[in-house]
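Novice: You'll find data15.pdb just under this line, and it carries PDB, C-alpha atoms.
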```pdb
ATOM      1  CA  MET W 643     -75.771  13.499  46.065
ATOM      2  CA  ALA W 644     -73.819  16.641  46.913
ATOM      3  CA  ALA W 645     -71.650  18.173  44.205
ATOM      4  CA  LEU W 646     -68.256  16.570  43.718
ATOM      5  CA  ASN W 647     -65.378  18.352  45.442
ATOM      6  CA  TYR W 648     -62.641  18.599  42.796
ATOM      7  CA  HIS W 649     -60.069  19.413  45.452
ATOM      8  CA  HIS W 650     -60.715  15.986  46.958
ATOM      9  CA  LEU W 651     -60.694  14.440  43.479
ATOM     10  CA  ARG W 652     -57.223  15.869  42.833
ATOM     11  CA  TYR W 653     -55.968  14.210  46.024
ATOM     12  CA  PHE W 654     -57.469  10.857  44.999
ATOM     13  CA  TRP W 655     -55.933  11.238  41.511
ATOM     14  CA  ALA W 656     -52.470  11.802  42.997
ATOM     15  CA  ILE W 657     -52.791   8.829  45.379
ATOM     16  CA  ALA W 658     -53.994   6.573  42.538
ATOM     17  CA  HIS W 659     -51.011   7.420  40.348
ATOM     18  CA  GLU W 660     -48.461   7.198  43.158
ATOM     19  CA  ARG W 661     -50.096   4.100  44.699
ATOM     20  CA  SER W 662     -48.775   5.387  48.012
ATOM     21  CA  LEU W 663     -50.132   7.835  50.576
ATOM     22  CA  THR W 664     -46.596   8.784  51.574
ATOM     23  CA  ARG W 665     -45.432   9.648  48.039
ATOM     24  CA  ALA W 666     -48.703  11.413  47.211
ATOM     25  CA  ALA W 667     -48.458  13.494  50.383
ATOM     26  CA  GLN W 668     -44.919  14.531  49.447
ATOM     27  CA  ARG W 669     -46.022  15.394  45.911
ATOM     28  CA  LEU W 670     -48.948  17.489  47.148
ATOM     29  CA  HIS W 671     -47.005  19.055  50.060
ATOM     30  CA  VAL W 672     -49.553  17.975  52.681
ATOM     31  CA  SER W 673     -49.336  15.668  55.682
ATOM     32  CA  GLN W 674     -50.170  11.997  55.251
ATOM     33  CA  SER W 675     -52.884  12.203  57.903
ATOM     34  CA  ALA W 676     -54.553  15.146  56.143
ATOM     35  CA  LEU W 677     -54.465  13.221  52.862
ATOM     36  CA  SER W 678     -56.105  10.189  54.511
ATOM     37  CA  VAL W 679     -58.928  12.424  55.751
ATOM     38  CA  GLN W 680     -59.456  13.840  52.232
ATOM     39  CA  LEU W 681     -59.527  10.346  50.748
ATOM     40  CA  ARG W 682     -62.141   9.161  53.248
ATOM     41  CA  GLN W 683     -64.285  12.198  52.453
ATOM     42  CA  ILE W 684     -64.337  11.555  48.703
ATOM     43  CA  GLU W 685     -65.105   7.859  49.286
ATOM     44  CA  GLU W 686     -68.018   8.876  51.504
ATOM     45  CA  ARG W 687     -69.160  11.362  48.842
ATOM     46  CA  LEU W 688     -69.061   8.723  46.109
ATOM     47  CA  GLY W 689     -70.465   5.980  48.318
ATOM     48  CA  HIS W 690     -67.749   3.463  47.422
ATOM     49  CA  ALA W 691     -64.318   2.450  48.617
ATOM     50  CA  LEU W 692     -61.749   3.469  46.024
ATOM     51  CA  PHE W 693     -58.812   1.443  47.329
ATOM     52  CA  GLU W 694     -58.253  -1.940  48.893
ATOM     53  CA  ARG W 695     -55.894  -1.450  51.816
ATOM     54  CA  GLY W 696     -53.552  -4.263  52.738
ATOM     55  CA  ASN W 697     -49.895  -5.114  53.121
ATOM     56  CA  ARG W 698     -49.075  -1.404  53.136
ATOM     57  CA  ARG W 699     -50.116  -1.159  49.501
ATOM     58  CA  LEU W 700     -53.067   0.605  47.908
ATOM     59  CA  THR W 701     -54.872  -1.243  45.145
ATOM     60  CA  LEU W 702     -57.679   0.340  43.188
ATOM     61  CA  THR W 703     -61.094  -1.223  43.541
ATOM     62  CA  GLU W 704     -63.411  -1.504  40.540
ATOM     63  CA  ALA W 705     -65.017   1.785  41.596
ATOM     64  CA  GLY W 706     -61.523   3.253  41.996
ATOM     65  CA  ARG W 707     -60.531   2.311  38.433
ATOM     66  CA  ILE W 708     -63.688   3.937  37.086
ATOM     67  CA  ALA W 709     -63.084   7.047  39.191
ATOM     68  CA  LEU W 710     -59.467   7.250  37.981
ATOM     69  CA  ASP W 711     -60.544   7.096  34.309
ATOM     70  CA  TYR W 712     -62.885  10.033  34.890
ATOM     71  CA  ALA W 713     -60.287  11.933  36.915
ATOM     72  CA  ASP W 714     -57.680  11.511  34.174
ATOM     73  CA  THR W 715     -60.133  12.917  31.622
ATOM     74  CA  ILE W 716     -61.171  15.800  33.874
ATOM     75  CA  PHE W 717     -57.640  16.969  34.651
ATOM     76  CA  ARG W 718     -56.422  16.457  31.074
ATOM     77  CA  THR W 719     -59.324  18.602  29.879
ATOM     78  CA  GLY W 720     -58.462  21.222  32.488
ATOM     79  CA  ASP W 721     -54.866  21.329  31.234
ATOM     80  CA  GLU W 722     -56.135  21.730  27.657
ATOM     81  CA  LEU W 723     -58.397  24.580  28.774
ATOM     82  CA  VAL W 724     -55.481  26.467  30.316
ATOM     83  CA  SER W 725     -53.321  25.790  27.265
ATOM     84  CA  THR W 726     -56.018  26.995  24.883
ATOM     85  CA  LEU W 727     -56.547  30.265  26.742
ATOM     86  CA  LYS W 728     -52.791  30.815  26.837
ATOM     87  CA  GLY W 729     -52.421  29.869  23.164
ATOM     88  CA  THR W 730     -50.082  26.972  23.885
ATOM     89  CA  ALA W 731     -50.184  23.255  23.241
ATOM     90  CA  ALA W 732     -49.887  20.702  26.014
ATOM     91  CA  SER W 733     -46.199  20.475  25.131
ATOM     92  CA  GLY W 734     -45.801  24.159  25.997
ATOM     93  CA  ARG W 735     -45.362  25.210  22.355
ATOM     94  CA  ALA W 736     -47.588  27.980  21.032
ATOM     95  CA  VAL W 737     -50.115  26.798  18.448
ATOM     96  CA  LEU W 738     -51.693  28.697  15.550
ATOM     97  CA  ARG W 739     -54.582  26.990  13.747
ATOM     98  CA  VAL W 740     -55.013  28.377  10.234
ATOM     99  CA  GLY W 741     -57.718  27.661   7.681
ATOM    100  CA  ALA W 742     -57.012  28.473   4.024
ATOM    101  CA  VAL W 743     -59.564  28.543   1.233
ATOM    102  CA  ALA W 744     -58.727  25.586  -1.015
ATOM    103  CA  THR W 745     -58.366  27.762  -4.115
ATOM    104  CA  LEU W 746     -55.865  30.134  -2.472
ATOM    105  CA  SER W 747     -52.281  30.320  -3.732
ATOM    106  CA  ARG W 748     -50.008  27.913  -1.840
ATOM    107  CA  ASN W 749     -47.098  30.276  -2.385
ATOM    108  CA  PHE W 750     -48.976  33.097  -0.678
ATOM    109  CA  GLN W 751     -49.858  30.844   2.264
ATOM    110  CA  LEU W 752     -46.219  29.844   2.641
ATOM    111  CA  GLU W 753     -44.970  33.440   2.519
ATOM    112  CA  TRP W 754     -47.575  34.616   5.022
ATOM    113  CA  LEU W 755     -46.699  31.879   7.507
ATOM    114  CA  ARG W 756     -42.935  32.069   6.956
ATOM    115  CA  PRO W 757     -42.219  34.214  10.091
ATOM    116  CA  LEU W 758     -43.458  31.319  12.248
ATOM    117  CA  LEU W 759     -42.106  28.326  10.348
ATOM    118  CA  SER W 760     -38.557  28.589  11.679
ATOM    119  CA  ARG W 761     -39.631  28.924  15.307
ATOM    120  CA  GLU W 762     -39.191  25.753  17.350
ATOM    121  CA  ASP W 763     -41.556  27.084  20.027
ATOM    122  CA  VAL W 764     -44.476  27.323  17.568
ATOM    123  CA  GLU W 765     -46.654  24.672  15.940
ATOM    124  CA  VAL W 766     -48.709  25.667  12.888
ATOM    125  CA  VAL W 767     -51.815  23.632  12.042
ATOM    126  CA  LEU W 768     -53.004  24.329   8.470
ATOM    127  CA  ARG W 769     -56.358  23.152   7.145
ATOM    128  CA  SER W 770     -57.996  23.797   3.779
ATOM    129  CA  GLY W 771     -61.616  23.780   2.678
ATOM    130  CA  SER W 772     -64.402  25.933   1.364
ATOM    131  CA  LEU W 773     -64.892  29.377   2.864
ATOM    132  CA  ARG W 774     -68.192  28.298   4.411
ATOM    133  CA  GLU W 775     -66.625  25.245   6.069
ATOM    134  CA  LEU W 776     -63.700  27.230   7.420
ATOM    135  CA  LEU W 777     -65.861  30.031   8.797
ATOM    136  CA  SER W 778     -67.923  27.405  10.607
ATOM    137  CA  GLN W 779     -64.726  26.078  12.231
ATOM    138  CA  LEU W 780     -63.642  29.628  13.043
ATOM    139  CA  SER W 781     -66.982  30.220  14.759
ATOM    140  CA  ALA W 782     -66.534  26.972  16.731
ATOM    141  CA  HIS W 783     -63.087  28.134  17.957
ATOM    142  CA  THR W 784     -61.267  25.264  16.236
ATOM    143  CA  LEU W 785     -59.449  27.765  13.991
ATOM    144  CA  ASP W 786     -57.745  31.043  14.896
ATOM    145  CA  VAL W 787     -57.814  32.622  11.434
ATOM    146  CA  VAL W 788     -58.991  31.947   7.885
ATOM    147  CA  LEU W 789     -57.030  33.049   4.811
ATOM    148  CA  SER W 790     -59.119  34.105   1.831
ATOM    149  CA  ASN W 791     -58.913  36.248  -1.283
ATOM    150  CA  SER W 792     -62.301  37.807  -0.643
ATOM    151  CA  VAL W 793     -63.798  39.939   2.111
ATOM    152  CA  VAL W 794     -66.389  38.308   4.351
ATOM    153  CA  PRO W 795     -69.444  40.517   5.009
ATOM    154  CA  ARG W 796     -69.747  41.653   8.611
ATOM    155  CA  ASP W 797     -73.001  42.087  10.486
ATOM    156  CA  ALA W 798     -74.465  41.450  13.935
ATOM    157  CA  GLY W 799     -74.816  37.727  13.227
ATOM    158  CA  THR W 800     -71.365  37.288  11.683
ATOM    159  CA  PRO W 801     -68.891  39.553  13.480
ATOM    160  CA  TRP W 802     -65.953  38.807  11.168
ATOM    161  CA  HIS W 803     -62.997  41.115  10.655
ATOM    162  CA  SER W 804     -61.335  40.993   7.219
ATOM    163  CA  HIS W 805     -57.721  42.157   7.579
ATOM    164  CA  ARG W 806     -55.984  42.845   4.265
ATOM    165  CA  VAL W 807     -52.585  41.200   4.652
ATOM    166  CA  GLY W 808     -51.329  41.258   1.078
ATOM    167  CA  GLU W 809     -51.940  42.522  -2.417
ATOM    168  CA  GLN W 810     -50.719  41.103  -5.694
ATOM    169  CA  PRO W 811     -50.793  42.394  -9.264
ATOM    170  CA  VAL W 812     -52.362  40.156 -11.877
ATOM    171  CA  SER W 813     -50.625  39.229 -15.115
ATOM    172  CA  LEU W 814     -51.004  37.266 -18.306
ATOM    173  CA  VAL W 815     -48.217  34.698 -18.409
ATOM    174  CA  GLY W 816     -47.231  32.170 -21.018
ATOM    175  CA  ARG W 817     -44.570  29.653 -21.892
ATOM    176  CA  ALA W 818     -41.265  31.125 -22.910
ATOM    177  CA  VAL W 819     -41.052  31.180 -26.718
ATOM    178  CA  ARG W 820     -37.930  32.427 -28.442
ATOM    179  CA  GLY W 821     -38.607  35.275 -30.855
ATOM    180  CA  ALA W 822     -42.169  35.905 -29.655
ATOM    181  CA  ARG W 823     -43.367  39.333 -30.686
ATOM    182  CA  ARG W 824     -44.285  41.935 -28.124
ATOM    183  CA  PHE W 825     -47.737  41.351 -26.697
ATOM    184  CA  LYS W 826     -50.306  44.138 -26.901
ATOM    185  CA  PHE W 827     -53.021  44.111 -24.265
ATOM    186  CA  PRO W 828     -55.932  43.752 -24.805
ATOM    187  CA  GLU W 829     -55.867  43.735 -28.625
ATOM    188  CA  ASP W 830     -53.902  40.489 -29.022
ATOM    189  CA  LEU W 831     -56.505  38.601 -27.011
ATOM    190  CA  ARG W 832     -58.695  38.632 -30.101
ATOM    191  CA  SER W 833     -56.578  35.739 -31.390
ATOM    192  CA  LEU W 834     -54.558  34.306 -28.483
ATOM    193  CA  PRO W 835     -56.426  31.730 -26.356
ATOM    194  CA  VAL W 836     -56.452  32.124 -22.576
ATOM    195  CA  VAL W 837     -56.809  30.062 -19.407
ATOM    196  CA  LEU W 838     -58.819  31.958 -16.789
ATOM    197  CA  PRO W 839     -59.762  31.678 -13.102
ATOM    198  CA  GLY W 840     -63.287  30.482 -12.423
ATOM    199  CA  ALA W 841     -66.318  32.707 -12.781
ATOM    200  CA  GLN W 842     -66.588  33.214  -8.996
ATOM    201  CA  SER W 843     -63.156  34.870  -8.831
ATOM    202  CA  SER W 844     -63.025  38.641  -8.319
ATOM    203  CA  VAL W 845     -60.001  38.694 -10.633
ATOM    204  CA  ARG W 846     -62.037  37.004 -13.360
ATOM    205  CA  ALA W 847     -64.907  39.461 -12.946
ATOM    206  CA  ALA W 848     -62.570  42.443 -13.314
ATOM    207  CA  PHE W 849     -60.869  40.862 -16.352
ATOM    208  CA  ASP W 850     -64.191  40.141 -18.074
ATOM    209  CA  LEU W 851     -65.255  43.758 -17.524
ATOM    210  CA  LEU W 852     -62.050  45.098 -19.091
ATOM    211  CA  LEU W 853     -62.437  42.948 -22.193
ATOM    212  CA  ASP W 854     -66.123  43.756 -22.491
ATOM    213  CA  GLN W 855     -65.312  47.453 -22.451
ATOM    214  CA  ALA W 856     -62.748  46.842 -25.204
ATOM    215  CA  GLY W 857     -65.257  44.842 -27.265
ATOM    216  CA  ILE W 858     -63.170  41.654 -27.115
ATOM    217  CA  ARG W 859     -64.478  38.119 -26.637
ATOM    218  CA  PRO W 860     -61.464  35.898 -25.945
ATOM    219  CA  VAL W 861     -61.085  32.234 -26.809
ATOM    220  CA  VAL W 862     -61.170  30.520 -23.405
ATOM    221  CA  LEU W 863     -59.227  27.267 -23.259
ATOM    222  CA  ALA W 864     -60.158  26.480 -19.655
ATOM    223  CA  GLU W 865     -61.626  27.930 -16.462
ATOM    224  CA  VAL W 866     -59.859  26.790 -13.297
ATOM    225  CA  ASP W 867     -60.800  27.542  -9.678
ATOM    226  CA  ASP W 868     -57.832  25.878  -7.982
ATOM    227  CA  MET W 869     -54.629  27.946  -8.028
ATOM    228  CA  ALA W 870     -52.375  24.888  -8.006
ATOM    229  CA  MET W 871     -54.154  23.578 -11.075
ATOM    230  CA  LEU W 872     -54.021  27.011 -12.713
ATOM    231  CA  ARG W 873     -50.250  26.925 -12.260
ATOM    232  CA  LEU W 874     -50.022  23.557 -14.023
ATOM    233  CA  MET W 875     -52.249  24.773 -16.849
ATOM    234  CA  ALA W 876     -50.002  27.802 -17.347
ATOM    235  CA  ARG W 877     -47.033  25.443 -17.781
ATOM    236  CA  GLU W 878     -48.740  23.067 -20.175
ATOM    237  CA  CYS W 879     -51.268  25.010 -22.250
ATOM    238  CA  PRO W 880     -50.604  27.114 -25.314
ATOM    239  CA  GLY W 881     -51.714  30.709 -25.174
ATOM    240  CA  LEU W 882     -51.793  32.762 -21.986
ATOM    241  CA  THR W 883     -52.965  32.306 -18.409
ATOM    242  CA  LEU W 884     -54.444  35.025 -16.199
ATOM    243  CA  VAL W 885     -52.836  34.569 -12.804
ATOM    244  CA  PRO W 886     -51.225  36.479  -9.927
ATOM    245  CA  PRO W 887     -47.436  36.082 -10.410
ATOM    246  CA  VAL W 888     -47.129  34.763  -6.836
ATOM    247  CA  VAL W 889     -48.820  31.570  -8.018
ATOM    248  CA  VAL W 890     -46.153  30.906 -10.660
ATOM    249  CA  GLN W 891     -43.187  32.617  -9.028
ATOM    250  CA  ASP W 892     -40.916  29.570  -9.363
ATOM    251  CA  GLU W 893     -41.697  29.214 -13.071
ATOM    252  CA  LEU W 894     -41.040  32.919 -13.635
ATOM    253  CA  ARG W 895     -37.750  32.736 -11.772
ATOM    254  CA  GLU W 896     -36.651  29.704 -13.800
ATOM    255  CA  LYS W 897     -37.904  31.294 -17.056
ATOM    256  CA  ILE W 898     -40.239  28.397 -17.784
ATOM    257  CA  LEU W 899     -42.919  31.088 -18.003
ATOM    258  CA  VAL W 900     -42.642  34.758 -18.860
ATOM    259  CA  GLU W 901     -44.906  37.646 -17.970
ATOM    260  CA  ARG W 902     -46.445  38.827 -21.237
ATOM    261  CA  ALA W 903     -48.496  41.656 -19.728
ATOM    262  CA  ARG W 904     -49.163  43.028 -16.268
ATOM    263  CA  ILE W 905     -52.684  44.396 -15.893
ATOM    264  CA  PRO W 906     -52.530  47.387 -13.525
ATOM    265  CA  GLU W 907     -56.311  47.726 -13.386
ATOM    266  CA  ILE W 908     -56.601  44.348 -11.654
ATOM    267  CA  ARG W 909     -55.083  43.430  -8.296
ATOM    268  CA  GLU W 910     -55.838  40.481  -6.056
ATOM    269  CA  SER W 911     -56.055  41.135  -2.333
ATOM    270  CA  PHE W 912     -55.508  38.564   0.388
ATOM    271  CA  TYR W 913     -57.362  38.671   3.698
ATOM    272  CA  ALA W 914     -56.959  37.137   7.130
ATOM    273  CA  ILE W 915     -60.445  36.612   8.560
ATOM    274  CA  THR W 916     -60.806  36.659  12.334
ATOM    275  CA  PRO W 917     -63.824  36.778  14.646
ATOM    276  CA  SER W 918     -64.451  39.237  17.444
ATOM    277  CA  ARG W 919     -62.700  37.336  20.210
ATOM    278  CA  ARG W 920     -61.793  38.242  23.763
ATOM    279  CA  PHE W 921     -58.696  36.018  23.678
ATOM    280  CA  PRO W 922     -57.152  36.337  20.190
ATOM    281  CA  ASN W 923     -54.143  34.162  19.497
ATOM    282  CA  PRO W 924     -51.082  36.361  20.225
ATOM    283  CA  LEU W 925     -49.197  34.797  17.295
ATOM    284  CA  LEU W 926     -51.515  36.585  14.886
ATOM    285  CA  ARG W 927     -50.198  40.004  15.835
ATOM    286  CA  SER W 928     -46.933  39.570  13.945
ATOM    287  CA  LEU W 929     -48.688  38.214  10.850
ATOM    288  CA  MET W 930     -51.374  40.869  10.457
ATOM    289  CA  VAL W 931     -49.105  43.344   8.671
ATOM    290  CA  ALA W 932     -49.947  43.838   5.003
ATOM    291  CA  ARG W 933     -46.969  42.973   2.830
ATOM    292  CA  PRO W 934     -46.366  42.238  -0.850
ATOM    293  CA  ALA W 935     -47.492  38.786  -1.874
ATOM    294  CA  GLY W 936     -45.570  38.484  -5.093
ATOM    295  CA  PRO W 937     -42.208  36.989  -5.995
ATOM    296  CA  LYS W 938     -39.081  38.931  -5.155
ATOM    297  CA  SER W 939     -38.266  39.149  -8.827
ATOM    298  CA  ALA W 940     -40.416  38.351 -11.832
ATOM    299  CA  SER W 941     -39.185  37.590 -15.312
ATOM    300  CA  ARG W 942     -40.882  40.000 -17.679
ATOM    301  CA  GLU W 943     -40.702  39.291 -21.380
ATOM    302  CA  ALA W 944     -38.279  41.628 -23.098
ATOM    303  CA  PRO W 945     -39.979  43.526 -25.916
ATOM    304  CA  ARG W 946     -38.859  42.520 -29.356
ATOM    305  CA  SER W 947     -37.029  45.252 -31.159
TER
END
```
Mind turning this structure into structure tokens?

Specialist:
Amino acid sequence: MAALNYHHLRYFWAIAHERSLTRAAQRLHVSQSALSVQLRQIEERLGHALFERGNRRLTLTEAGRIALDYADTIFRTGDELVSTLKGTAASGRAVLRVGAVATLSRNFQLEWLRPLLSREDVEVVLRSGSLRELLSQLSAHTLDVVLSNSVVPRDAGTPWHSHRVGEQPVSLVGRAVRGARRFKFPEDLRSLPVVLPGAQSSVRAAFDLLLDQAGIRPVVLAEVDDMAMLRLMARECPGLTLVPPVVVQDELREKILVERARIPEIRESFYAITPSRRFPNPLLRSLMVARPAGPKSASREAPRS
């Protein structure tokens, strides 16, 4: 059978939805006679009558109902194709699909996306998962960008671009205690227990190196990969927690926690990972500017006199 003529299929689709040659002709801006010719041609091409003609009404045959189901799917898919290449949803709103590594600070994600959240013409789709899972979705074009706190290696097989979009100092924070003496880093870690990020964290690796150089082996209360859980541990556990202040910015602002020591040798960077793509999502352009990731104001513990 010869290839299907989609121009003819569009005419059939319009007739089927209007259930009238006259209305379909008006909708398509063609003459009724020309539309009848097109309909006969697609019926001949498919080898089946698509309508029962009688009493000036058009009723779909069984073959016509099957053809209409396929036509609906074909033209809906075509609309989605155009929308995807234009970066818009079927509703006409622009869509940005973001993947975020599950251990990444929620506060950072919120701050990074904030420029888009108040726009009624934009829909943000946010998914979380492991870096491997998210990169697989990015490769399959189901995500536009992946947020991570580590660089993704780039080579011929994985053409990723790691854009640094934020940087955050790292601090030791603890519950506010009246009359607490001034903390001395790193010496006081010989006796004060700590809650630390997991061993895979770049922040943890840098912290371990600093203490090793100082000859200190801290008492580790817990190791936590998830930033949301690390925030809860900082609120509940005695001792100190190693964390970027952005993770606990609300607790610092409300003085539930205080910053006992900022560690200038350690900084956490945040990256937006994108592939080499001919049609990048235009919404990304406004978000790819590196900006501070921390709270607008942090409560630092006042030294005891």

Novice: Using only C-alpha atoms, which protein or nucleic acid residues come within 9 Å of stretch 739-756 of chain W? Drop anything in the same chain fewer than 5 positions from it, and give the result as a PDB file with C-alpha atoms, in the coordinates of the input.

Specialist:
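The resulting file, around_20.pdb, is reproduced below:
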```pdb
ATOM      1  CA  GLU W 765     -46.654  24.672  15.940  1.00  0.00           C
ATOM      2  CA  VAL W 766     -48.709  25.667  12.888  1.00  0.00           C
ATOM      3  CA  VAL W 767     -51.815  23.632  12.042  1.00  0.00           C
ATOM      4  CA  LEU W 768     -53.004  24.329   8.470  1.00  0.00           C
ATOM      5  CA  ARG W 769     -56.358  23.152   7.145  1.00  0.00           C
ATOM      6  CA  SER W 770     -57.996  23.797   3.779  1.00  0.00           C
ATOM      7  CA  GLY W 771     -61.616  23.780   2.678  1.00  0.00           C
ATOM      8  CA  SER W 772     -64.402  25.933   1.364  1.00  0.00           C
ATOM      9  CA  LEU W 773     -64.892  29.377   2.864  1.00  0.00           C
ATOM     10  CA  LEU W 776     -63.700  27.230   7.420  1.00  0.00           C
ATOM     11  CA  LEU W 777     -65.861  30.031   8.797  1.00  0.00           C
ATOM     12  CA  GLN W 779     -64.726  26.078  12.231  1.00  0.00           C
ATOM     13  CA  LEU W 780     -63.642  29.628  13.043  1.00  0.00           C
ATOM     14  CA  THR W 784     -61.267  25.264  16.236  1.00  0.00           C
ATOM     15  CA  LEU W 785     -59.449  27.765  13.991  1.00  0.00           C
ATOM     16  CA  ASP W 786     -57.745  31.043  14.896  1.00  0.00           C
ATOM     17  CA  VAL W 787     -57.814  32.622  11.434  1.00  0.00           C
ATOM     18  CA  VAL W 788     -58.991  31.947   7.885  1.00  0.00           C
ATOM     19  CA  LEU W 789     -57.030  33.049   4.811  1.00  0.00           C
ATOM     20  CA  SER W 790     -59.119  34.105   1.831  1.00  0.00           C
ATOM     21  CA  ASN W 791     -58.913  36.248  -1.283  1.00  0.00           C
ATOM     22  CA  VAL W 807     -52.585  41.200   4.652  1.00  0.00           C
ATOM     23  CA  GLY W 808     -51.329  41.258   1.078  1.00  0.00           C
ATOM     24  CA  ASP W 867     -60.800  27.542  -9.678  1.00  0.00           C
ATOM     25  CA  ASP W 868     -57.832  25.878  -7.982  1.00  0.00           C
ATOM     26  CA  MET W 869     -54.629  27.946  -8.028  1.00  0.00           C
ATOM     27  CA  ALA W 870     -52.375  24.888  -8.006  1.00  0.00           C
ATOM     28  CA  PRO W 886     -51.225  36.479  -9.927  1.00  0.00           C
ATOM     29  CA  VAL W 888     -47.129  34.763  -6.836  1.00  0.00           C
ATOM     30  CA  VAL W 889     -48.820  31.570  -8.018  1.00  0.00           C
ATOM     31  CA  VAL W 890     -46.153  30.906 -10.660  1.00  0.00           C
ATOM     32  CA  GLN W 891     -43.187  32.617  -9.028  1.00  0.00           C
ATOM     33  CA  PHE W 912     -55.508  38.564   0.388  1.00  0.00           C
ATOM     34  CA  LEU W 929     -48.688  38.214  10.850  1.00  0.00           C
ATOM     35  CA  ARG W 933     -46.969  42.973   2.830  1.00  0.00           C
ATOM     36  CA  ALA W 935     -47.492  38.786  -1.874  1.00  0.00           C
ATOM     37  CA  GLY W 936     -45.570  38.484  -5.093  1.00  0.00           C
TER      38      GLY W 936
END
```

Novice: Run through the PyMOL selection byres ((chain W and resi 665-673) around 12) on the given coordinates and return the selected residues as a list in words.

Specialist: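 Selected by the PyMOL selection byres ((chain W and resi 665-673) around 12) in this file: His649, His650, Arg652, Tyr653, Phe654, Trp655, Ala656, Ile657, Ala658, His659, Glu660, Arg661, Ser662, Leu663, Thr664, Gln674, Ser675, Ala676, Leu677, Ser678, Val679, Gln680, Leu681, Arg699 and Leu700 of chain W.
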
Novice: From the list W:Val837, W:Ala822, W:Val885, W:Ala736, which residue is nearest W:Leu926 when using all atoms listed in the file?

Specialist: W:Ala736

Novice: Can you work out which one of W:Leu710, W:Leu646, W:Leu723, W:Ala782 has the shortest atom-to-atom distance to W:Arg687, counting all atoms listed in the file?

Specialist: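 Of W:Leu710, W:Leu646, W:Leu723, W:Ala782, the one nearest W:Arg687, counting all atoms listed in the file, is W:Leu646.
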
Novice: If I take atom CA of W:Pro922 and atom CA of W:Ser760, how far is one from the other in Å, to one decimal?

Specialist: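 Answer for the atom CA of W:Pro922 to atom CA of W:Ser760 separation: 21.9 Å.
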
Novice: Could you tell me how far atom CA of W:Leu884 lies from atom CA of W:Ile908, in Å and to one decimal?

Specialist: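 Computed distance, atom CA of W:Leu884 to atom CA of W:Ile908, equals 10.6 Å.
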
Novice: Between atom CA of W:Arg718 and atom CA of W:Glu685, what is the distance in Å, rounded to a tenth?

Specialist: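 Interatomic distance here is 21.9 Å.
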
Novice: For W:Leu651, which residue out of W:Gly706, W:Thr701, W:Ala818, W:Ala841 is the nearest one, using only C-alpha atoms?

Specialist: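 Closest to W:Leu651 of all the choices is W:Gly706.
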
Novice: Point out the residue among W:Arg895, W:Arg774, W:Arg820, W:His803 with the least atom-to-atom distance to W:Met930, counting only C-alpha atoms.

Specialist: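 Nearest candidate to W:Met930 out of W:Arg895, W:Arg774, W:Arg820, W:His803: W:His803.
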
Novice: Find the residue from W:Ser778, W:Val737, W:Ala864, W:Tyr712 that sits nearest to W:Val764; use only C-alpha atoms when measuring.

Specialist: W:Val737
